[in-house]
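Shown next, in structure tokens, is the structure this report addresses.
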Amino acid sequence: MLDNYRTMEFIEHPDLKTISVEQVLKALGDPVRLATVKELLEAQNEEKACGTFNYTVTKATFSHHLQILREAGVIHTRIEGTRKFTSLRSKELNKRFPGLLEFLTKTL
């Protein structure tokens, strides 16, 4: 049991108080990342398993894009066993940057 604990992966998420709108917009400036956010917006605040996204890049490249979105505070990743689930940090983003997600919803 202890060995499993040592190998468990923990993912840190930034406090949105430390994130600037410039960081968020920079993260959204890539077509793959923007499409990922669009999928999450269409999921209406539901989590998506990481393997269920529609992407055209390699798995490693897509993982890198998810990391950039996570570090910018845009998404949250939760680990359950060997699977990872991703969700949009909608409530937090709306509180920190009012109107941003609404704008994205209308323009995507």
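For the structure tokens, the naming scheme is as follows: chains receive sequential letters (A, B, ...) according to their order of presentation, residues are indexed from 1 within each chain, and ligands are indexed from 1 in presentation order.
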
12 Å contact set for Lys26 in chain A, only C-alpha atoms, chain neighbours under 2 positions out, as an MDAnalysis selection string: chainID A and resid 19:24 28:31 33:34 65 68:69 71:74

All helix (DSSP H, G or I) residues (DSSP, backbone) inside chain A, as number ranges by chain: A: 2-7, 16-18, 21-27, 31-42, 50-52, 59-71, 90-96, 100-107

DSSP strand (DSSP E or B) residues within chain A, listed as a PyMOL selection string: chain A and resi 48-49+75-80+83-88

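Residue neighbourhood of range 100-108 of chain A, excluding near-sequence residues (fewer than 2 positions): Val21, Val24, Leu25, Leu28, Pro31, Leu34, Ala35, Thr36, Val37, Lys38, Glu39, Leu40, Leu41, Glu42, Ala43, Gln44, Asn45, Val74, Leu88, Arg89, Ser90, Lys91, Glu92, Leu93, Asn94, Lys95, Arg96, Phe97 and Pro98 of chain A, at 12 Å, using only C-alpha atoms.
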
I need the residues from that last selection saved to file as a PDB file, in the first residue's frame (with C-alpha atoms), if you can.
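Writing the result to out.pdb gives the following:
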ATOM      1  CA  VAL A  21      -5.518  37.858 -17.717  1.00  0.00           C
ATOM      2  CA  VAL A  24      -4.943  33.160 -19.578  1.00  0.00           C
ATOM      3  CA  LEU A  25      -5.120  34.840 -22.979  1.00  0.00           C
ATOM      4  CA  LEU A  28      -5.785  30.439 -25.148  1.00  0.00           C
ATOM      5  CA  PRO A  31      -5.669  26.667 -31.762  1.00  0.00           C
ATOM      6  CA  LEU A  34      -8.670  26.972 -27.750  1.00  0.00           C
ATOM      7  CA  ALA A  35     -10.384  23.900 -29.243  1.00  0.00           C
ATOM      8  CA  THR A  36      -9.856  22.071 -25.941  1.00  0.00           C
ATOM      9  CA  VAL A  37     -11.548  24.886 -24.024  1.00  0.00           C
ATOM     10  CA  LYS A  38     -14.367  24.856 -26.566  1.00  0.00           C
ATOM     11  CA  GLU A  39     -14.909  21.130 -25.905  1.00  0.00           C
ATOM     12  CA  LEU A  40     -14.999  21.796 -22.184  1.00  0.00           C
ATOM     13  CA  LEU A  41     -17.458  24.667 -22.649  1.00  0.00           C
ATOM     14  CA  GLU A  42     -19.690  22.350 -24.686  1.00  0.00           C
ATOM     15  CA  ALA A  43     -19.473  19.773 -21.870  1.00  0.00           C
ATOM     16  CA  GLN A  44     -21.280  22.338 -19.672  1.00  0.00           C
ATOM     17  CA  ASN A  45     -19.107  22.075 -16.560  1.00  0.00           C
ATOM     18  CA  VAL A  74      -7.897  27.597 -17.091  1.00  0.00           C
ATOM     19  CA  LEU A  88     -12.896  23.975 -16.930  1.00  0.00           C
ATOM     20  CA  ARG A  89     -12.452  26.175 -13.857  1.00  0.00           C
ATOM     21  CA  SER A  90     -15.619  28.055 -14.815  1.00  0.00           C
ATOM     22  CA  LYS A  91     -16.722  29.430 -11.447  1.00  0.00           C
ATOM     23  CA  GLU A  92     -13.244  30.566 -10.511  1.00  0.00           C
ATOM     24  CA  LEU A  93     -12.555  32.088 -13.935  1.00  0.00           C
ATOM     25  CA  ASN A  94     -15.896  33.912 -13.933  1.00  0.00           C
ATOM     26  CA  LYS A  95     -15.134  35.313 -10.499  1.00  0.00           C
ATOM     27  CA  ARG A  96     -11.585  36.389 -11.395  1.00  0.00           C
ATOM     28  CA  PHE A  97     -12.277  37.512 -14.993  1.00  0.00           C
ATOM     29  CA  PRO A  98     -15.990  38.339 -15.301  1.00  0.00           C
TER      30      PRO A  98
END

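Ranking A:Ala27, A:Ile11, A:Leu66, A:Val57 by their shortest atom-to-atom distance to Glu80 in chain A, with only C-alpha atoms included, puts A:Ile11 first.
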
Pick from A:Leu16, A:Glu47, A:Thr52, A:Phe62, whichever lies nearest to Arg78 in chain A using only C-alpha atoms: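 Residue with the minimum atom-to-atom distance to Arg78 in chain A: A:Glu47.
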
Contact residues around Phe85 in chain A with only C-alpha atoms at 7 Å, ignoring same-chain residues under 3 positions, as number ranges by chain: A: 47-50, 77-79

Got time to write the residues from that selection, C-alpha atoms, as a PDB file, in the first residue's frame?
ATOM      1  CA  GLU A  47     -15.397  16.587 -16.547  1.00  0.00           C
ATOM      2  CA  LYS A  48     -13.939  14.897 -19.595  1.00  0.00           C
ATOM      3  CA  ALA A  49     -11.597  11.947 -19.462  1.00  0.00           C
ATOM      4  CA  CYS A  50      -8.320  13.038 -21.007  1.00  0.00           C
ATOM      5  CA  THR A  77      -7.152  17.975 -13.698  1.00  0.00           C
ATOM      6  CA  ARG A  78      -8.245  15.239 -11.314  1.00  0.00           C
ATOM      7  CA  ILE A  79      -6.627  11.821 -11.098  1.00  0.00           C
TER       8      ILE A  79
END

Gap from CA of His13 in chain A to CA of Ser63 in chain A - Å, one decimal: 15.2 Å
